[in-house]
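Listing of coords.csv, CSV, C-alpha atoms
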chain,number,residue,atom,x,y,z
D,1,MET,CA,165.6,94.8,141.8
D,2,SER,CA,164.1,95.2,145.2
D,3,GLU,CA,161.0,94.1,147.1
D,4,CYS,CA,158.1,96.1,148.5
D,5,PRO,CA,158.3,95.8,152.3
D,6,VAL,CA,154.5,95.9,152.5
D,7,CYS,CA,153.3,93.3,149.9
D,8,GLY,CA,156.5,91.7,148.6
D,9,ALA,CA,156.1,92.8,145.0
D,10,GLU,CA,159.2,93.0,143.0
D,11,ILE,CA,160.3,96.5,142.3
D,12,SER,CA,162.9,97.6,139.8
D,13,LEU,CA,164.5,100.9,140.0
D,14,ALA,CA,166.4,103.1,137.6
D,15,SER,CA,170.2,103.1,137.7
D,16,ASP,CA,170.3,106.8,138.7
D,17,THR,CA,168.1,106.2,141.8
D,18,VAL,CA,169.2,108.1,144.9
D,19,VAL,CA,168.7,107.7,148.6
D,20,GLY,CA,165.6,109.5,149.8
D,21,GLU,CA,163.7,109.0,146.5
D,22,LEU,CA,160.0,108.3,146.8
D,23,LEU,CA,158.1,105.8,144.7
D,24,GLU,CA,154.8,104.0,144.7
D,25,CYS,CA,154.4,100.2,144.7
D,26,THR,CA,152.3,99.3,141.6
D,27,ASP,CA,150.7,96.3,143.5
D,28,CYS,CA,149.6,97.7,146.8
D,29,GLY,CA,150.0,101.5,146.3
D,30,SER,CA,152.3,102.0,149.3
D,31,GLU,CA,154.5,105.0,149.1
D,32,LEU,CA,158.1,103.8,149.5
D,33,GLU,CA,161.4,105.5,150.2
D,34,VAL,CA,164.8,104.4,149.1
D,35,THR,CA,166.8,104.2,152.3
D,36,GLU,CA,169.9,102.5,151.1
D,37,LEU,CA,171.5,101.8,147.7
D,38,LYS,CA,173.9,99.0,148.6
D,39,PRO,CA,172.1,96.8,149.1
D,40,LEU,CA,169.0,98.4,147.6
D,41,THR,CA,166.6,98.9,150.5
D,42,LEU,CA,163.1,100.3,150.5
D,43,ALA,CA,161.0,101.3,153.5
D,44,GLU,CA,157.5,102.7,153.9
D,45,ALA,CA,157.7,106.4,153.5
D,46,PRO,CA,156.4,108.3,156.6
D,47,GLU,CA,152.9,109.5,156.1
D,48,SER,CA,152.3,113.2,156.5
D,49,GLU,CA,150.4,113.7,159.7
D,50,GLU,CA,147.6,116.2,160.3
D,51,ASP,CA,148.0,118.7,163.1
D,52,TRP,CA,144.6,119.3,164.6
D,53,GLY,CA,145.9,122.2,166.7
D,54,GLU,CA,145.5,120.6,170.1
Y,1,MET,CA,133.3,82.4,111.7
Y,2,ILE,CA,131.6,80.3,114.4
Y,3,ARG,CA,127.8,80.3,114.0
Y,4,VAL,CA,126.1,80.6,117.4
Y,5,SER,CA,122.6,80.8,118.6
Y,6,ILE,CA,121.1,81.8,122.0
Y,7,VAL,CA,118.3,79.7,123.5
Y,8,GLY,CA,116.3,81.8,125.9
Y,9,GLY,CA,117.5,85.2,124.9
Y,10,SER,CA,115.0,87.6,126.4
Y,11,GLY,CA,116.3,87.6,129.9
Y,12,TYR,CA,119.1,89.7,131.3
Y,13,THR,CA,121.7,87.0,130.8
Y,14,GLY,CA,120.6,86.4,127.2
Y,15,GLY,CA,120.7,90.1,126.5
Y,16,GLU,CA,124.2,90.5,128.0
Y,17,LEU,CA,125.4,87.5,126.0
Y,18,LEU,CA,123.9,89.0,122.8
Y,19,ARG,CA,125.6,92.3,123.5
Y,20,LEU,CA,129.0,90.6,123.8
Y,21,LEU,CA,128.5,88.3,120.8
Y,22,LEU,CA,127.5,91.0,118.4
Y,23,PHE,CA,130.9,92.6,118.9
Y,24,HIS,CA,132.9,89.4,119.0
Y,25,SER,CA,135.3,89.2,116.0
Y,26,GLU,CA,135.1,85.4,115.6
Y,27,CYS,CA,131.4,84.6,115.6
Y,28,THR,CA,128.1,85.4,114.1
Y,29,VAL,CA,124.8,85.2,115.9
Y,30,GLN,CA,122.5,83.1,113.8
Y,31,GLN,CA,119.3,83.0,116.0
Y,32,ILE,CA,118.1,83.9,119.4
Y,33,THR,CA,114.9,82.5,120.9
Y,34,SER,CA,112.2,83.7,123.1
Y,35,GLU,CA,108.8,82.0,123.2
Y,36,ARG,CA,106.9,85.1,124.4
Y,37,SER,CA,108.7,87.5,122.1
Y,38,ALA,CA,109.0,85.4,119.0
Y,39,GLY,CA,108.8,87.6,115.9
Y,40,LYS,CA,109.8,90.7,117.7
Y,41,PHE,CA,113.0,92.6,117.3
Y,42,VAL,CA,115.5,91.9,120.1
Y,43,HIS,CA,115.8,95.6,120.9
Y,44,ASN,CA,112.3,95.4,122.4
Y,45,ALA,CA,113.7,93.3,125.2
Y,46,HIS,CA,117.2,94.7,125.1
Y,47,PRO,CA,116.9,98.4,124.3
Y,48,ASN,CA,120.6,99.0,124.5
Y,49,LEU,CA,120.9,97.1,121.2
Y,50,ARG,CA,118.6,99.3,119.2
Y,51,GLY,CA,120.3,100.1,115.9
Y,52,ILE,CA,123.0,97.5,116.5
Y,53,THR,CA,121.2,94.5,115.1
Y,54,ARG,CA,118.0,93.7,113.2
Y,55,LEU,CA,117.8,90.3,114.7
Y,56,LYS,CA,114.3,89.1,115.8
Y,57,PHE,CA,113.5,86.5,118.4
Y,58,CYS,CA,112.3,83.1,117.1
Y,59,ALA,CA,110.7,80.1,118.9
Y,60,VAL,CA,112.8,77.2,120.0
Y,61,ASP,CA,111.0,75.0,117.4
Y,62,GLU,CA,112.5,77.2,114.7
Y,63,LEU,CA,116.1,76.7,115.7
Y,64,LYS,CA,118.4,75.6,112.9
Y,65,SER,CA,121.7,73.7,113.2
Y,66,CYS,CA,124.7,75.8,114.3
Y,67,ASP,CA,128.2,75.4,115.7
Y,68,LEU,CA,127.4,76.2,119.3
Y,69,LEU,CA,124.3,76.9,121.4
Y,70,PHE,CA,124.3,79.2,124.4
Y,71,LEU,CA,121.6,77.9,126.7
Y,72,CYS,CA,120.0,80.6,128.8
Y,73,LEU,CA,116.7,79.0,129.7
Y,74,PRO,CA,115.5,78.9,133.3
Y,75,HIS,CA,116.9,76.1,135.6
Y,76,GLY,CA,115.3,72.8,134.8
Y,77,GLU,CA,114.5,73.5,131.1
Y,78,ILE,CA,117.9,72.7,129.7
Y,79,MET,CA,117.9,69.2,131.1
Y,80,ALA,CA,114.3,68.7,129.8
Y,81,GLY,CA,115.3,69.6,126.2
Y,82,ILE,CA,118.9,68.5,126.2
Y,83,ASP,CA,118.5,65.8,123.5
Y,84,ARG,CA,117.2,68.3,121.0
Y,85,PHE,CA,119.9,70.8,121.8
Y,86,GLN,CA,122.6,68.2,121.3
Y,87,THR,CA,121.2,67.4,117.8
Y,88,LEU,CA,121.3,71.1,116.9
Y,89,ALA,CA,124.9,71.8,117.8
Y,90,PRO,CA,128.0,69.8,118.6
Y,91,ARG,CA,128.9,72.3,121.3
Y,92,LEU,CA,126.8,73.7,124.2
Y,93,ILE,CA,127.5,76.3,126.8
Y,94,ASP,CA,124.8,76.1,129.5
Y,95,LEU,CA,124.3,79.1,131.7
Y,96,SER,CA,121.7,77.5,133.9
Y,97,ALA,CA,122.3,75.3,137.0
Y,98,ASP,CA,121.3,72.1,135.3
Y,99,PHE,CA,124.7,70.5,134.7
Y,100,ARG,CA,126.9,72.3,137.2
Y,101,LEU,CA,126.8,69.5,139.8
Y,102,SER,CA,128.3,66.2,139.1
Y,103,ASP,CA,125.9,63.7,140.7
Y,104,ALA,CA,122.1,63.3,141.1
Y,105,GLU,CA,122.2,63.0,144.9
Y,106,THR,CA,123.9,66.3,145.3
Y,107,TYR,CA,121.5,67.9,142.8
Y,108,MET,CA,118.5,66.6,144.7
Y,109,ARG,CA,119.9,67.9,147.9
Y,110,TRP,CA,120.4,71.5,146.7
Y,111,TYR,CA,117.6,71.8,144.2
Y,112,GLY,CA,115.0,69.8,145.9
Y,113,ARG,CA,113.9,67.8,142.9
Y,114,PRO,CA,115.2,64.9,140.9
Y,115,HIS,CA,117.5,65.5,138.0
Y,116,LEU,CA,115.9,64.6,134.7
Y,117,ARG,CA,119.1,63.4,133.0
Y,118,PRO,CA,121.4,62.1,135.7
Y,119,ASP,CA,123.3,60.1,133.0
Y,120,LEU,CA,124.7,63.4,131.7
Y,121,LEU,CA,125.8,64.8,135.1
Y,122,GLY,CA,129.5,65.1,135.2
Y,123,THR,CA,129.8,65.4,131.4
Y,124,PHE,CA,129.8,69.2,131.3
Y,125,ALA,CA,133.1,71.0,132.2
Y,126,TYR,CA,132.6,73.4,135.1
Y,127,GLY,CA,132.9,76.8,133.4
Y,128,VAL,CA,135.3,78.8,135.6
Y,129,PRO,CA,138.5,79.1,133.6
Y,130,GLU,CA,140.6,80.0,136.6
Y,131,ILE,CA,139.6,76.7,138.2
Y,132,ASN,CA,139.1,74.4,135.3
Y,133,ARG,CA,140.8,75.8,132.2
Y,134,GLU,CA,142.4,72.6,131.0
Y,135,ASN,CA,139.1,70.8,130.9
Y,136,ILE,CA,137.2,73.7,129.3
Y,137,VAL,CA,139.7,73.9,126.4
Y,138,GLN,CA,138.9,70.3,125.5
Y,139,ALA,CA,135.2,70.4,126.3
Y,140,ASP,CA,132.3,70.3,123.9
Y,141,HIS,CA,129.8,70.9,126.8
Y,142,VAL,CA,130.4,73.5,129.4
Y,143,ALA,CA,128.2,74.4,132.4
Y,144,CYS,CA,128.8,78.0,133.6
Y,145,ALA,CA,129.0,78.5,137.3
Y,146,GLY,CA,126.6,80.4,139.5
Y,147,CYS,CA,127.4,84.0,140.0
Y,148,ASN,CA,127.6,83.8,143.8
Y,149,ALA,CA,129.7,80.6,143.6
Y,150,THR,CA,132.0,82.3,141.1
Y,151,ALA,CA,132.7,85.3,143.4
Y,152,SER,CA,133.1,83.1,146.4
Y,153,THR,CA,135.2,80.3,145.1
Y,154,LEU,CA,137.6,82.6,143.3
Y,155,ALA,CA,138.1,84.5,146.5
Y,156,VAL,CA,139.0,81.6,148.8
Y,157,ARG,CA,140.3,78.8,146.6
Y,158,PRO,CA,144.0,79.9,146.7
Y,159,LEU,CA,143.8,79.4,150.5
Y,160,VAL,CA,141.7,76.2,150.5
Y,161,ARG,CA,143.9,74.4,148.0
Y,162,ARG,CA,146.9,75.1,150.3
Y,163,ASN,CA,145.0,73.6,153.2
Y,164,LEU,CA,145.1,76.8,155.1
Y,165,VAL,CA,141.4,77.1,155.9
Y,166,GLU,CA,139.7,76.0,159.1
Y,167,SER,CA,136.3,77.4,158.1
Y,168,VAL,CA,134.8,80.2,156.1
Y,169,VAL,CA,131.8,82.5,156.5
Y,170,ILE,CA,130.8,84.1,153.3
Y,171,GLU,CA,128.3,87.0,153.1
Y,172,VAL,CA,127.3,88.1,149.6
Y,173,LYS,CA,125.7,91.4,148.8
Y,174,ALA,CA,123.9,91.0,145.5
Y,175,GLY,CA,122.3,93.3,143.0
Y,176,SER,CA,118.7,92.9,141.9
Y,177,SER,CA,119.5,91.6,138.4
Y,178,GLU,CA,120.4,88.3,140.1
Y,179,GLY,CA,116.7,87.7,140.4
Y,180,GLY,CA,116.1,87.8,136.6
Y,181,ASN,CA,113.7,90.0,134.7
Y,182,ALA,CA,110.4,88.5,135.9
Y,183,GLY,CA,108.5,90.9,138.1
Y,184,SER,CA,106.9,89.9,141.4
Y,185,ALA,CA,105.3,91.5,144.5
Y,186,ALA,CA,108.8,91.4,146.1
Y,187,SER,CA,110.3,93.4,143.2
Y,188,HIS,CA,107.5,96.0,143.2
Y,189,HIS,CA,109.2,99.3,143.5
Y,190,PRO,CA,107.8,100.5,146.8
Y,191,GLU,CA,108.8,97.2,148.4
Y,192,ARG,CA,112.2,96.8,146.7
Y,193,SER,CA,113.5,100.3,146.7
Y,194,GLY,CA,115.9,101.0,149.6
Y,195,ALA,CA,115.5,97.4,150.9
Y,196,VAL,CA,118.4,95.4,152.4
Y,197,ARG,CA,116.8,92.0,152.0
Y,198,SER,CA,118.2,88.9,153.6
Y,199,TYR,CA,117.6,86.8,150.6
Y,200,GLN,CA,119.0,83.5,151.7
Y,201,PRO,CA,120.6,83.4,155.2
Y,202,THR,CA,121.3,79.7,154.9
Y,203,GLY,CA,120.9,76.9,152.4
Y,204,HIS,CA,121.7,78.8,149.2
Y,205,ARG,CA,121.9,76.4,146.2
Y,206,HIS,CA,125.2,77.7,145.2
Y,207,VAL,CA,126.8,76.2,148.3
Y,208,GLY,CA,126.5,72.8,146.5
Y,209,GLU,CA,128.8,74.1,143.7
Y,210,MET,CA,131.2,75.7,146.2
Y,211,LYS,CA,131.6,72.4,148.1
Y,212,GLN,CA,132.1,70.6,144.8
Y,213,VAL,CA,135.0,73.1,143.9
Y,214,LEU,CA,136.4,73.6,147.3
Y,215,GLY,CA,136.0,70.2,148.9
Y,216,ASP,CA,134.7,69.2,152.2
Y,217,ILE,CA,135.5,72.4,154.3
Y,218,ALA,CA,133.0,74.2,156.5
Y,219,ILE,CA,131.4,76.8,154.3
Y,220,HIS,CA,128.7,79.1,155.9
Y,221,PHE,CA,127.1,81.2,153.2
Y,222,SER,CA,124.5,84.0,153.4
Y,223,ALA,CA,123.1,86.2,150.6
Y,224,THR,CA,121.7,89.7,151.0
Y,225,SER,CA,120.0,91.6,148.2
Y,226,ILE,CA,120.8,95.3,148.3
Y,227,GLU,CA,120.1,98.5,146.4
Y,228,MET,CA,122.2,97.8,143.4
Y,229,VAL,CA,121.2,96.5,139.9
Y,230,ARG,CA,124.4,94.8,138.8
Y,231,GLY,CA,127.1,93.4,141.0
Y,232,ILE,CA,128.2,91.1,143.8
Y,233,LEU,CA,130.4,91.8,146.7
Y,234,ALA,CA,131.5,88.7,148.6
Y,235,THR,CA,133.0,89.2,152.0
Y,236,CYS,CA,134.6,86.0,153.0
Y,237,HIS,CA,135.6,85.6,156.7
Y,238,VAL,CA,138.3,82.9,156.4
Y,239,PHE,CA,139.4,81.4,159.7
Y,240,LEU,CA,142.9,80.2,159.1
Y,241,ASN,CA,144.7,77.3,160.6
Y,242,ASP,CA,148.1,78.9,160.1
Y,243,ASP,CA,149.6,82.2,161.1
Y,244,LEU,CA,150.0,83.9,157.8
Y,245,ASP,CA,151.0,87.5,157.6
Y,246,GLU,CA,149.8,89.8,154.8
Y,247,LYS,CA,152.9,89.5,152.8
Y,248,ALA,CA,152.4,85.7,152.7
Y,249,VAL,CA,148.8,86.2,151.6
Y,250,TRP,CA,150.0,88.5,148.8
Y,251,LYS,CA,152.4,85.8,147.7
Y,252,ILE,CA,149.7,83.1,147.6
Y,253,TYR,CA,147.3,85.2,145.5
Y,254,ARG,CA,150.1,86.3,143.2
Y,255,GLU,CA,151.1,82.7,142.6
Y,256,ASP,CA,147.6,81.8,141.6
Y,257,TYR,CA,146.3,84.8,139.8
Y,258,SER,CA,149.1,87.0,138.5
Y,259,GLU,CA,148.8,85.5,135.0
Y,260,GLU,CA,145.0,85.5,135.0
Y,261,PRO,CA,143.6,88.1,132.5
Y,262,PHE,CA,140.5,88.7,134.5
Y,263,ILE,CA,141.6,88.6,138.1
Y,264,ARG,CA,143.1,91.6,139.8
Y,265,ILE,CA,144.3,91.9,143.4
Y,266,VAL,CA,142.9,95.2,144.7
Y,267,LYS,CA,144.4,96.2,148.0
Y,268,GLU,CA,145.6,99.7,148.1
Y,269,ARG,CA,147.0,101.6,151.0
Y,270,GLY,CA,145.4,104.9,150.0
Y,271,GLY,CA,142.9,106.4,147.7
Y,272,ILE,CA,139.1,106.0,147.5
Y,273,HIS,CA,138.7,102.5,146.2
Y,274,ARG,CA,141.1,100.5,148.3
Y,275,TYR,CA,139.2,97.2,148.1
Y,276,PRO,CA,137.1,95.6,145.4
Y,277,GLU,CA,134.0,97.6,144.4
Y,278,PRO,CA,131.4,96.0,142.2
Y,279,LYS,CA,130.2,99.4,140.9
Y,280,LEU,CA,133.4,99.8,139.0
Y,281,LEU,CA,133.1,96.4,137.4
Y,282,ALA,CA,129.7,96.9,135.7
Y,283,GLY,CA,129.9,95.5,132.2
Y,284,THR,CA,133.4,94.0,132.7
Y,285,ASN,CA,134.5,90.5,133.1
Y,286,TYR,CA,136.9,91.2,136.0
Y,287,CYS,CA,136.9,89.6,139.4
Y,288,ASP,CA,138.7,91.9,141.8
Y,289,ILE,CA,140.0,90.3,145.0
Y,290,GLY,CA,141.3,92.0,148.1
Y,291,PHE,CA,142.0,91.0,151.6
Y,292,GLU,CA,143.0,92.1,155.1
Y,293,ARG,CA,144.4,90.1,158.0
Y,294,ASP,CA,142.7,90.6,161.4
Y,295,ALA,CA,145.6,91.3,163.7
Y,296,SER,CA,143.7,90.1,166.8
Y,297,SER,CA,142.5,86.7,165.6
Y,298,ASN,CA,143.0,84.0,163.0
Y,299,ARG,CA,140.6,85.7,160.6
Y,300,LEU,CA,141.5,86.8,157.1
Y,301,VAL,CA,138.8,88.8,155.4
Y,302,VAL,CA,138.9,88.2,151.6
Y,303,ILE,CA,136.7,90.4,149.5
Y,304,SER,CA,135.8,89.8,145.9
Y,305,ALA,CA,133.6,91.7,143.5
Y,306,ILE,CA,132.2,90.8,140.1
Y,307,ASP,CA,129.4,91.9,137.7
Y,308,ASN,CA,126.9,89.0,138.2
Y,309,LEU,CA,125.8,89.3,134.6
Y,310,MET,CA,129.3,89.2,133.3
Y,311,LYS,CA,132.0,87.2,135.2
Y,312,GLY,CA,129.0,85.6,136.9
Y,313,ALA,CA,127.2,84.6,133.7
Y,314,ALA,CA,127.6,85.9,130.1
Y,315,GLY,CA,131.2,87.1,130.3
Y,316,GLN,CA,132.2,83.8,131.8
Y,317,ALA,CA,130.4,82.0,129.0
Y,318,ILE,CA,132.3,84.1,126.4
Y,319,GLN,CA,135.6,83.4,128.1
Y,320,CYS,CA,134.8,79.6,127.9
Y,321,PHE,CA,133.7,80.0,124.3
Y,322,ASN,CA,137.1,81.6,123.5
Y,323,LEU,CA,139.0,78.8,125.3
Y,324,MET,CA,137.0,76.1,123.5
Y,325,HIS,CA,137.8,77.5,120.1
Y,326,GLY,CA,141.4,78.5,120.8
Y,327,PHE,CA,140.7,82.2,120.5
Y,328,ASN,CA,142.4,84.8,122.7
Y,329,GLU,CA,140.7,84.3,126.0
Y,330,THR,CA,140.0,88.1,126.3
Y,331,CYS,CA,138.4,88.4,122.9
Y,332,GLY,CA,135.1,90.3,123.1
Y,333,LEU,CA,135.7,91.0,126.8
Y,334,GLU,CA,138.1,93.9,126.7
Y,335,PHE,CA,135.7,96.6,128.1
Y,336,PRO,CA,137.4,98.1,131.1
Y,337,GLY,CA,134.3,99.5,132.8
Y,338,LEU,CA,133.3,103.1,133.5
Y,339,HIS,CA,134.4,105.7,136.0
Y,340,PRO,CA,132.6,107.5,137.4
Y,341,ILE,CA,129.4,105.5,137.2
What do you get writing this file as structure tokens?
Amino acid sequence: MSECPVCGAEISLASDTVVGELLECTDCGSELEVTELKPLTLAEAPESEEDWGE
Amino acid sequence: MIRVSIVGGSGYTGGELLRLLLFHSECTVQQITSERSAGKFVHNAHPNLRGITRLKFCAVDELKSCDLLFLCLPHGEIMAGIDRFQTLAPRLIDLSADFRLSDAETYMRWYGRPHLRPDLLGTFAYGVPEINRENIVQADHVACAGCNATASTLAVRPLVRRNLVESVVIEVKAGSSEGGNAGSAASHHPERSGAVRSYQPTGHRHVGEMKQVLGDIAIHFSATSIEMVRGILATCHVFLNDDLDEKAVWKIYREDYSEEPFIRIVKERGGIHRYPEPKLLAGTNYCDIGFERDASSNRLVVISAIDNLMKGAAGQAIQCFNLMHGFNETCGLEFPGLHPI
């Protein structure tokens, strides 16, 4: 069990979760990344940025 | 089966109530009244019910005893006829404003006329289950809340009851069905179409209810009628007396509403509909609530959306009906809405 770093929702993960896995918070919709397994830690996944060619 | 009748059934609220009751598994609609349409099929007033029922409107004088009366007459007419309604049914659900307020002085202040039955004020349970469920369950008489008051109080009450609010400014954007089905020069299509009409910048009657529910905090309320038939969007600018971050606000709203079947917290990081949107709630009993903390001030913007004819009137009445009879609270209210619409 872990917690969404954005809204605090409880998030449960499967036992075969790996570092780098992406998931979506069911409460706030944030895209989250598993950054550590022990302890289980989630961070906001970096958003893909647009390149406007400047 | 519970035998129910609707008093004042030709308006939009009465029609919505009939639509819900005809598909409710635990009740049967015995009669529905309309003085001007007495003798006519209900689908003349509510064409969406064509082929669904052969019920005809009757006059109030023709009403027979039943288990529960839904009272949908205009404000003022319920209190005038309350003695007769009480003899017809042991249980009443009033959708007008007549018995929402608990004392005659407050009624006079907000409605500008004396209450005809001040002895009965305070005897009706205020009909917002999320605020007053325990009393509704035990009540024989329920007064459903005003639509704007419902949207506003559900939005800010979690903060108010934790003493976190310095003041609140509420701006409601409302659909035209709030005004009922009687035409006027103001609702004439060339005048109404495309209008953004400041309906009541100050002094709206529903503020009386809000103060009754929320207590003596500073509430500044304005209502604007917009190009929408159904729906309310309440934007509540809450000025906090504490430095809450968004995670703390999430926690508060989860504590109060995570078990509520008709309240959803809508605050998404992406997608098209990130905050409550009344269009998506048409025909449903949901109240969607979202929020955003202003990083540069003590302002928290709380946004709520409902269908004014559902959670703001008929749906709320059915939810109360279910609670009063020990039925599943969601019975007859399962419709999830349409998308796209």
Chain Y residues within 8 Å of chain D, counting all atoms listed in the file: which ones, as a list in words?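 Those within range of chain D come out as Glu246, Lys247, Trp250, Lys251, Ile265, Val266, Lys267, Glu268, Arg269 and Gly270 of chain Y.
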Selection: 9 Å around Y:Gly283, only C-alpha atoms, excl. self and same-chain fewer than 3 positions, as a list in words: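 After dropping sequence-adjacent residues, the list is Glu16, Arg230, Leu280, Asp307, Leu309, Met310, Gly315, Phe335, Pro336, Gly337 and Leu338 of chain Y.
From atom CA of Y:Ala155 back to atom CA of Y:Gln316, the distance works out to 15.9 Å.
Across Y:Ala314, Y:Leu49, Y:Ala97, Y:Met108, the tightest approach to Y:Glu209 is made by Y:Ala97 when counting only C-alpha atoms.
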Work out how far atom CA of Y:Arg254 is from atom CA of D:Met1, in Å to one decimal.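 About the pair atom CA of D:Met1 and atom CA of Y:Arg254: they are 17.7 Å apart.
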Using only C-alpha atoms for the distances, tell me which of Y:Gly271, Y:Gly15, Y:Cys147, Y:Tyr253 is nearest to Y:Leu159. Y:Tyr253
